[in-house]
file protein-v6.cif (mmCIF, C-alpha atoms and all ligand atoms)
data_final
loop_
_atom_site.label_atom_id
_atom_site.label_comp_id
_atom_site.auth_asym_id
_atom_site.auth_seq_id
_atom_site.Cartn_x
_atom_site.Cartn_y
_atom_site.Cartn_z
CA MET C 1 137.27 39.00 96.05
CA PHE C 2 137.49 40.02 92.38
CA PHE C 3 137.15 37.34 89.72
CA ASP C 4 137.92 37.83 86.08
CA THR C 5 134.74 37.57 84.03
CA PRO C 6 135.25 36.83 80.35
CA VAL C 7 133.88 39.59 78.15
CA THR C 8 133.36 38.98 74.46
CA ILE C 9 133.87 41.52 71.70
CA LYS C 10 130.10 41.42 71.14
CA GLU C 11 129.38 42.34 74.78
CA PHE C 12 131.94 45.13 74.67
CA GLN C 13 130.47 46.40 71.43
CA LYS C 14 126.94 46.49 72.87
CA SER C 15 128.03 48.68 75.79
CA PHE C 16 130.40 50.88 73.79
CA GLU C 17 127.80 51.51 71.10
CA LEU C 18 125.36 52.88 73.65
CA LEU C 19 127.96 55.61 74.15
CA THR C 20 128.77 56.13 70.49
CA PRO C 21 125.93 54.77 68.34
CA PRO C 22 127.00 53.60 64.86
CA ALA C 23 123.66 54.95 63.57
CA ILE C 24 124.95 58.53 63.90
CA ALA C 25 128.03 57.90 61.75
CA TRP C 26 128.00 59.67 58.39
CA LYS C 27 126.66 57.78 55.39
CA GLY C 28 129.47 55.93 53.66
CA ASP C 29 131.60 55.76 56.81
CA ASN C 30 132.79 52.34 57.95
CA VAL C 31 132.49 51.87 61.70
CA GLY C 32 132.12 48.96 64.11
CA LEU C 33 134.00 45.67 64.13
CA LEU C 34 136.01 45.73 60.90
CA ILE C 35 138.18 42.67 61.46
CA GLY C 36 137.67 39.78 63.85
CA ARG C 37 135.17 37.56 65.57
CA GLU C 38 132.51 38.94 67.89
CA ASN C 39 132.64 35.84 70.09
CA ASP C 40 136.34 36.27 70.92
CA VAL C 41 136.97 36.89 74.61
CA ILE C 42 138.81 40.17 75.15
CA ARG C 43 142.29 39.91 76.65
CA ASN C 44 143.77 43.40 76.60
CA ILE C 45 142.79 46.46 74.56
CA VAL C 46 144.90 49.07 72.78
CA VAL C 47 143.41 52.43 71.78
CA ALA C 48 144.92 54.43 68.89
CA LEU C 49 143.94 57.09 66.39
CA ASP C 50 145.08 54.94 63.48
CA ALA C 51 145.78 51.27 62.87
CA THR C 52 149.44 51.10 61.82
CA MET C 53 151.93 48.25 61.79
CA GLU C 54 153.73 49.80 64.77
CA VAL C 55 150.49 49.94 66.76
CA ALA C 56 149.62 46.35 65.82
CA VAL C 57 153.05 45.10 66.91
CA GLU C 58 152.68 47.00 70.18
CA ALA C 59 149.24 45.39 70.70
CA VAL C 60 150.71 41.92 70.23
CA LYS C 61 153.47 42.72 72.75
CA LYS C 62 150.83 43.91 75.23
CA LYS C 63 148.91 40.66 74.78
CA ALA C 64 145.96 42.61 73.44
CA ASN C 65 143.48 41.12 71.02
CA LEU C 66 141.35 44.22 70.49
CA LEU C 67 142.49 47.37 68.79
CA VAL C 68 140.09 50.32 68.99
CA THR C 69 140.88 53.08 66.51
CA HIS C 70 139.26 56.32 65.41
CA HIS C 71 140.12 56.05 61.72
CA PRO C 72 138.74 52.96 59.96
CA LEU C 73 141.58 50.95 58.40
CA ILE C 74 139.18 49.61 55.77
CA PHE C 75 137.31 52.46 54.16
CA GLN C 76 137.06 51.60 50.48
CA PRO C 77 136.16 48.06 49.35
CA LEU C 78 139.34 45.96 49.18
CA ARG C 79 139.94 44.21 45.87
CA ARG C 80 142.86 42.18 47.18
CA ILE C 81 144.48 41.52 50.54
CA THR C 82 148.18 41.21 49.87
CA PRO C 83 151.26 42.87 51.39
CA THR C 84 151.51 45.09 48.31
CA SER C 85 149.38 47.75 50.02
CA ARG C 86 149.62 49.20 53.53
CA THR C 87 146.04 48.14 54.26
CA GLY C 88 146.50 44.65 52.84
CA GLU C 89 149.67 44.04 54.79
CA LEU C 90 148.04 45.21 58.00
CA VAL C 91 144.86 43.18 57.48
CA LEU C 92 147.04 40.09 57.02
CA PHE C 93 149.04 40.88 60.16
CA LEU C 94 145.92 41.50 62.25
CA THR C 95 144.20 38.30 61.15
CA GLU C 96 147.38 36.22 61.53
CA HIS C 97 147.74 37.49 65.11
CA LYS C 98 144.02 37.17 65.92
CA LEU C 99 143.81 40.89 66.60
CA ASN C 100 140.27 42.25 66.37
CA LEU C 101 139.90 45.75 64.94
CA TYR C 102 137.08 48.06 65.94
CA ALA C 103 136.59 51.60 64.59
CA ALA C 104 134.53 54.51 65.95
CA HIS C 105 134.90 57.34 63.45
CA THR C 106 132.25 59.98 62.60
CA ASN C 107 130.04 58.53 65.35
CA LEU C 108 132.83 59.43 67.80
CA ASP C 109 132.98 62.89 66.21
CA SER C 110 129.26 63.30 66.89
CA VAL C 111 128.89 62.53 70.59
CA LYS C 112 129.27 65.01 73.42
CA TRP C 113 132.24 63.18 74.92
CA GLY C 114 133.95 62.64 71.56
CA VAL C 115 136.62 64.28 69.43
CA ASN C 116 135.02 67.72 69.10
CA TYR C 117 133.95 68.23 72.70
CA VAL C 118 137.39 67.13 73.89
CA LEU C 119 138.96 69.56 71.41
CA ALA C 120 136.68 72.39 72.60
CA LYS C 121 137.49 71.66 76.24
CA THR C 122 141.22 71.41 75.50
CA LEU C 123 141.02 74.92 74.06
CA GLY C 124 139.24 76.07 77.22
CA LEU C 125 135.95 76.95 75.51
CA LYS C 126 132.89 77.67 77.64
CA ASN C 127 129.16 77.29 76.83
CA ILE C 128 129.92 74.43 74.44
CA SER C 129 127.22 73.08 72.14
CA ILE C 130 127.18 71.01 68.97
CA LEU C 131 128.07 72.95 65.83
CA SER C 132 125.96 70.95 63.39
CA PRO C 133 123.28 68.87 65.12
CA ILE C 134 122.16 65.80 63.20
CA LYS C 135 118.80 66.13 61.54
CA GLU C 136 115.88 63.77 61.13
CA SER C 137 117.06 61.40 63.81
CA LEU C 138 114.22 61.87 66.26
CA THR C 139 110.91 60.05 66.31
CA LYS C 140 107.83 60.61 68.44
CA ILE C 141 105.93 57.56 69.55
CA THR C 142 102.41 57.90 70.89
CA VAL C 143 100.59 54.96 72.43
CA PHE C 144 97.13 54.68 73.98
CA VAL C 145 97.24 52.73 77.26
CA PRO C 146 94.50 51.88 79.80
CA HIS C 147 95.14 53.87 83.00
CA THR C 148 95.97 50.69 84.94
CA HIS C 149 98.98 49.90 82.76
CA VAL C 150 100.50 53.33 82.08
CA GLU C 151 103.38 52.98 84.53
CA ASN C 152 104.33 49.51 83.25
CA VAL C 153 104.27 50.55 79.62
CA ALA C 154 106.13 53.82 80.29
CA GLU C 155 108.80 52.00 82.28
CA ALA C 156 109.31 49.42 79.52
CA MET C 157 109.68 52.19 76.91
CA HIS C 158 112.10 54.16 79.08
CA ASN C 159 114.19 51.06 79.69
CA ALA C 160 114.43 50.60 75.91
CA GLY C 161 115.78 54.17 75.59
CA ALA C 162 112.72 56.36 74.93
CA GLY C 163 112.33 59.73 76.67
CA MET C 164 116.01 59.82 77.56
CA PHE C 165 118.40 62.73 77.02
CA THR C 166 121.76 63.79 78.43
CA LYS C 167 120.40 65.70 81.40
CA TYR C 168 116.95 64.15 81.77
CA ASP C 169 115.46 60.69 81.56
CA LYS C 170 111.94 59.30 81.95
CA CYS C 171 110.53 62.19 79.87
CA SER C 172 106.95 61.68 78.67
CA PHE C 173 103.67 63.47 78.10
CA ARG C 174 100.43 61.97 79.36
CA GLY C 175 96.94 63.12 78.45
CA GLU C 176 93.77 61.37 79.56
CA GLY C 177 90.83 60.49 77.34
CA ILE C 178 88.37 57.83 76.30
CA GLY C 179 89.19 55.10 73.82
CA THR C 180 86.50 53.10 72.00
CA PHE C 181 86.64 49.70 70.37
CA ARG C 182 84.50 46.70 69.43
CA GLY C 183 85.98 43.23 69.36
CA MET C 184 84.89 41.16 66.36
CA ASN C 185 84.83 37.47 65.50
CA ASP C 186 87.79 35.76 67.10
CA ALA C 187 89.00 38.79 69.09
CA ASN C 188 90.05 38.24 72.67
CA PRO C 189 89.68 41.73 74.19
CA PHE C 190 91.46 42.64 77.43
CA LEU C 191 88.35 44.68 78.40
CA GLY C 192 84.66 44.16 77.63
CA GLU C 193 82.90 41.65 75.39
CA VAL C 194 83.18 40.58 71.77
CA GLY C 195 80.61 42.26 69.53
CA LYS C 196 79.85 45.09 71.97
CA LEU C 197 81.07 48.67 71.61
CA GLU C 198 83.31 49.35 74.60
CA THR C 199 84.79 52.50 76.06
CA ALA C 200 87.92 52.59 78.18
CA LYS C 201 89.71 55.28 80.15
CA GLU C 202 93.04 55.55 78.40
CA THR C 203 96.18 57.64 78.61
CA ARG C 204 97.75 59.05 75.50
CA LEU C 205 101.40 58.40 76.36
CA GLU C 206 103.96 60.25 74.24
CA MET C 207 107.74 60.02 74.16
CA LEU C 208 110.59 61.07 71.94
CA CYS C 209 113.20 58.55 70.98
CA GLU C 210 116.19 58.39 68.72
CA THR C 211 115.13 56.70 65.50
CA TRP C 212 117.71 53.95 65.83
CA LYS C 213 116.15 52.90 69.16
CA LEU C 214 112.63 52.76 67.73
CA ALA C 215 112.42 49.01 66.98
CA GLY C 216 113.51 48.16 70.55
CA VAL C 217 111.12 50.70 72.06
CA ILE C 218 108.13 49.40 70.07
CA SER C 219 108.91 45.82 70.94
CA ALA C 220 109.23 46.64 74.68
CA MET C 221 106.01 48.69 74.55
CA LEU C 222 104.04 45.88 72.88
CA LYS C 223 105.29 43.38 75.44
CA ALA C 224 104.19 45.54 78.38
CA HIS C 225 100.87 46.63 76.86
CA PRO C 226 97.81 44.57 77.86
CA TYR C 227 95.82 44.98 74.61
CA GLU C 228 95.71 42.32 71.93
CA GLU C 229 95.99 44.99 69.25
CA VAL C 230 97.76 48.12 70.39
CA ALA C 231 96.94 51.55 68.94
CA TYR C 232 100.15 53.53 68.53
CA ASP C 233 101.51 56.18 66.16
CA VAL C 234 105.06 56.84 65.07
CA TYR C 235 105.95 60.32 63.81
CA PRO C 236 109.27 61.13 62.15
CA LEU C 237 110.35 64.58 63.37
CA LEU C 238 112.19 67.36 61.60
CA ASN C 239 113.57 68.68 64.89
CA GLU C 240 117.34 68.92 65.21
CA ASN C 241 118.83 66.46 67.63
CA THR C 242 121.02 68.65 69.82
CA GLU C 243 122.48 65.62 71.59
CA TYR C 244 124.47 64.49 68.55
CA GLY C 245 126.23 66.13 65.65
CA ILE C 246 129.54 67.14 64.14
CA GLY C 247 131.76 69.90 65.50
CA ALA C 248 131.42 72.03 68.60
CA ILE C 249 131.13 75.73 69.27
CA GLY C 250 131.79 77.79 72.39
CA ASP C 251 133.46 80.93 73.73
CA VAL C 252 136.96 81.65 74.95
CA GLU C 253 137.01 83.22 78.41
CA SER C 254 137.47 86.73 77.05
CA SER C 255 137.91 88.28 73.64
CA MET C 256 141.53 88.11 72.40
CA SER C 257 143.56 89.19 69.41
CA GLU C 258 144.06 86.67 66.61
CA GLN C 259 147.79 86.48 67.36
CA LYS C 260 147.08 85.68 71.00
CA PHE C 261 144.53 83.06 69.94
CA LEU C 262 147.11 81.38 67.68
CA ARG C 263 149.60 81.19 70.56
CA HIS C 264 146.84 79.74 72.73
CA VAL C 265 145.93 77.03 70.19
CA LYS C 266 149.59 76.16 69.55
CA LYS C 267 150.25 75.76 73.25
CA LYS C 268 147.09 73.77 74.10
CA LEU C 269 147.37 71.37 71.15
CA LYS C 270 151.18 71.21 71.26
CA THR C 271 151.13 71.64 67.50
CA PRO C 272 154.51 72.59 66.01
CA THR C 273 153.06 74.85 63.34
CA ILE C 274 149.74 76.37 62.38
CA ARG C 275 148.45 77.50 58.99
CA TYR C 276 145.81 80.18 59.19
CA THR C 277 144.01 82.98 57.48
CA PRO C 278 142.90 86.04 59.45
CA GLY C 279 139.28 86.73 60.24
CA LYS C 280 137.82 89.97 61.54
CA GLY C 281 140.58 90.82 64.00
CA SER C 282 139.57 89.41 67.36
CA VAL C 283 138.36 86.05 68.63
CA ARG C 284 135.64 85.28 71.14
CA ARG C 285 133.35 82.65 69.64
CA VAL C 286 135.20 79.59 68.39
CA ALA C 287 134.02 76.60 66.35
CA VAL C 288 136.07 73.42 66.29
CA VAL C 289 136.01 70.40 64.01
CA GLY C 290 138.69 67.81 64.71
CA GLY C 291 140.28 66.46 61.50
CA SER C 292 138.90 67.60 58.15
CA GLY C 293 136.35 70.34 58.79
CA SER C 294 136.14 72.45 55.64
CA GLU C 295 132.54 71.32 55.07
CA LEU C 296 131.51 73.01 58.32
CA ILE C 297 132.90 76.50 57.61
CA GLU C 298 129.54 77.90 56.48
CA GLU C 299 127.84 76.47 59.56
CA ALA C 300 130.52 78.06 61.78
CA LEU C 301 129.86 81.42 60.04
CA ARG C 302 126.09 81.05 60.47
CA LYS C 303 126.56 80.36 64.17
CA GLY C 304 128.62 83.54 64.58
CA ALA C 305 132.06 81.98 65.07
CA ASP C 306 135.04 84.34 64.85
CA ALA C 307 137.39 81.41 64.27
CA LEU C 308 137.24 77.77 63.19
CA VAL C 309 139.93 75.42 64.44
CA THR C 310 140.19 72.39 62.18
CA ALA C 311 142.61 70.77 59.69
CA ASP C 312 143.16 69.65 56.09
CA LEU C 313 142.25 73.06 54.63
CA LYS C 314 143.09 73.86 51.02
CA TYR C 315 144.76 76.98 49.57
CA HIS C 316 141.56 78.20 47.91
CA THR C 317 139.53 77.62 51.03
CA PHE C 318 141.81 79.97 52.95
CA GLN C 319 141.43 82.43 50.06
CA ASP C 320 137.63 82.28 50.03
CA TYR C 321 137.25 82.99 53.73
CA ASN C 322 140.09 85.49 54.24
CA LYS C 323 138.89 88.26 56.60
CA LYS C 324 135.44 86.61 56.92
CA ILE C 325 136.29 84.02 59.54
CA MET C 326 139.66 83.11 60.98
CA LEU C 327 140.51 79.63 59.68
CA VAL C 328 143.04 77.83 61.83
CA ASP C 329 144.55 74.63 60.44
CA ALA C 330 146.12 73.08 63.52
CA GLY C 331 146.79 69.62 62.03
CA HIS C 332 144.61 66.56 61.62
CA TYR C 333 146.47 64.43 64.15
CA GLU C 334 146.87 67.31 66.61
CA THR C 335 143.16 68.10 66.67
CA GLU C 336 142.13 64.46 67.13
CA HIS C 337 144.63 62.41 69.13
CA ILE C 338 143.67 64.32 72.28
CA VAL C 339 140.52 62.18 72.46
CA LEU C 340 142.46 58.96 73.13
CA PRO C 341 142.54 59.25 76.97
CA THR C 342 138.76 59.79 76.99
CA ILE C 343 138.15 56.73 74.79
CA ALA C 344 140.42 54.66 77.04
CA GLU C 345 138.55 55.90 80.12
CA LYS C 346 135.15 54.95 78.66
CA ILE C 347 136.42 51.50 77.69
CA LYS C 348 137.97 51.02 81.13
CA SER C 349 134.67 51.77 82.82
CA ILE C 350 132.89 49.24 80.57
CA VAL C 351 135.49 46.56 81.26
CA THR C 352 135.46 47.25 85.02
CA ALA C 353 131.64 47.21 85.17
CA LYS C 354 131.74 43.78 83.55
CA LYS C 355 134.29 42.61 86.16
CA SER C 356 136.91 41.79 83.55
CA THR C 357 140.61 42.21 84.33
CA ALA C 358 141.44 43.14 80.71
CA LYS C 359 143.84 46.09 80.61
CA VAL C 360 143.27 49.15 78.43
CA PHE C 361 146.34 50.86 76.95
CA ILE C 362 146.71 54.03 74.92
CA THR C 363 149.23 53.36 72.18
CA GLN C 364 152.70 54.74 72.77
CA GLN C 365 153.14 55.27 69.02
CA THR C 366 152.66 58.60 67.33
CA THR C 367 150.65 57.64 64.29
CA ASN C 368 150.93 61.02 62.58
CA SER C 369 152.51 60.53 59.15
CA ILE C 370 152.99 64.28 58.71
CA LEU C 371 156.28 65.65 60.00
CA TYR C 372 157.22 69.32 60.23
CA TYR C 373 160.48 70.77 58.94
CA SER C 374 161.48 74.24 60.03
ZN ZN C 401 140.45 62.15 61.43
#
call {"tool": "encode", "arguments": {"input": "protein-v6.cif", "output": "structure tokens", "more": "lines below"}}
Ligand SMILES: [Zn+2]
result
Amino acid sequence: MFFDTPVTIKEFQKSFELLTPPAIAWKGDNVGLLIGRENDVIRNIVVALDATMEVAVEAVKKKANLLVTHHPLIFQPLRRITPTSRTGELVLFLTEHKLNLYAAHTNLDSVKWGVNYVLAKTLGLKNISILSPIKESLTKITVFVPHTHVENVAEAMHNAGAGMFTKYDKCSFRGEGIGTFRGMNDANPFLGEVGKLETAKETRLEMLCETWKLAGVISAMLKAHPYEEVAYDVYPLLNENTEYGIGAIGDVESSMSEQKFLRHVKKKLKTPTIRYTPGKGSVRRVAVVGGSGSELIEEALRKGADALVTADLKYHTFQDYNKKIMLVDAGHYETEHIVLPTIAEKIKSIVTAKKSTAKVFITQQTTNSILYYS
């Protein structure tokens, strides 16, 4: 028999943020629970690219009390919340209808199941990797553990998220050696006697972890470690973190002319019109950045892309890169809304795992404010 288990916004958030950590969002972005109460029990959920009045009304009709959007409704500090602005009117509506609003923005752009990987897969790219991996987000933690407790300590650290990557988990390095110590005064050593120099067979246990998991990993390690005072080192790393980052890059099946590539993009993204500037004539390696991607053009060039599919490009940007790299502006909405089914799927699996009967809907509204006249 299947019982409905109440799931709070806070519990949902904890699971969802393991999949799309807020720590990888760009500085100045505004992600997470923007409006609402984390102790509210979730009824139904609506997923949309944008929070609009039409989406909010639809959510109320669907008896939803959680709206998950890609674009944060509140981005700049609000000086007043009145119906005189679109944001103010919507904030009032959401609060009056007890609708919680949660946003996953640049953190959703930066995960391998997010906007850019979905865009790359929609365009049929192969050998996909992250275009611009995030930097300085990895930490190495080294701890010295008596042989008898290595497995316990390693397990505790792994469970807190250390030594874990997309394709591998439980990654560590272990080297054996001798540790020395002398307990003084009121010490209560796990091994040996106070006042006497002791030696112990220890393992130097090393793991990588994402910096935002570090506090949890250290706390789990200290709990599992038998020593009163634990010797451990934390090293910030300059390595790129290839698990997270903005944009994606890959190859089309076989080299094609730019005109053929444009037809391909138009068809796959169902975009009514495309603005572009030609590159070097043919397209094989393609970079993609859903939404506004002009900041990643240089990175796409460095990585050998023949074309960059993105949106929100300016006249002079097209001019600067004419015949250097094919810039394809396929529309902000068109390059992003394709991620909605994947978000809904991830949320559904969280809700189902928690044995809740809350339903997850993708909005039926098109939230694109840009129309095309031809
Ligand atoms: Zn966007």
call {"tool": "atom_distance", "arguments": {"input": "protein-v6.cif", "atom1": "CA of Ala23 in chain C", "atom2": "CA of Ala56 in chain C"}}
result
27.4 Å
call {"tool": "closest_residue", "arguments": {"input": "protein-v6.cif", "among": "C:Leu108, C:Val91, C:Ala162, C:Leu301", "to": "ligand ZN 401 (chain C)", "atoms": "only C-alpha atoms and all ligand atoms"}}
result
C:Leu108
call {"tool": "residues_near_ligand", "arguments": {"input": "protein-v6.cif", "ligand": "ligand ZN 401 (chain C)", "cutoff": "12 Å", "atoms": "all atoms listed in the file", "output": "PyMOL selection string"}}
result
chain C and resi 29+48-50+69-73+103-109+115-116+289-293+310-312+331-339+367-368
call {"tool": "atom_distance", "arguments": {"input": "protein-v6.cif", "atom1": "CA of Ile347 in chain C", "atom2": "CA of Val309 in chain C"}}
result
27.6 Å
call {"tool": "residues_around", "arguments": {"input": "protein-v6.cif", "residues": "range 9-21 of chain C", "least_positions_apart": "3", "cutoff": "7 Å", "atoms": "all atoms listed in the file", "output": "list in words"}}
result
Ile24, Glu38, Asn39, Asp40, Val41, Ile42, Asn107, Leu108, Val111 and Ile350 of chain C
call {"tool": "closest_atom_pairs", "arguments": {"input": "protein-v6.cif", "of": "range 222-254 of chain C", "to": "range 264-287 of chain C", "cutoff": "7 Å", "atoms": "all atoms listed in the file", "output": "Markdown table"}}
result
| residue | atom | partner | partner_atom | distance |
| --- | --- | --- | --- | --- |
| C:Ala248 | CA | C:Ala287 | CA | 5.7 |
| C:Ile249 | CA | C:Ala287 | CA | 4.2 |
| C:Gly250 | CA | C:Val286 | CA | 5.6 |
| C:Asp251 | CA | C:Arg285 | CA | 4.4 |
| C:Val252 | CA | C:Arg284 | CA | 5.4 |
| C:Ser254 | CA | C:Arg284 | CA | 6.4 |
call {"tool": "atom_distance", "arguments": {"input": "protein-v6.cif", "atom1": "CA of Ile178 in chain C", "atom2": "CA of Glu228 in chain C"}}
result
17.7 Å
call {"tool": "closest_residue", "arguments": {"input": "protein-v6.cif", "among": "C:Val194, C:Ala220, C:Leu119, C:Cys209", "to": "Glu155 in chain C", "atoms": "all atoms listed in the file"}}
result
C:Ala220
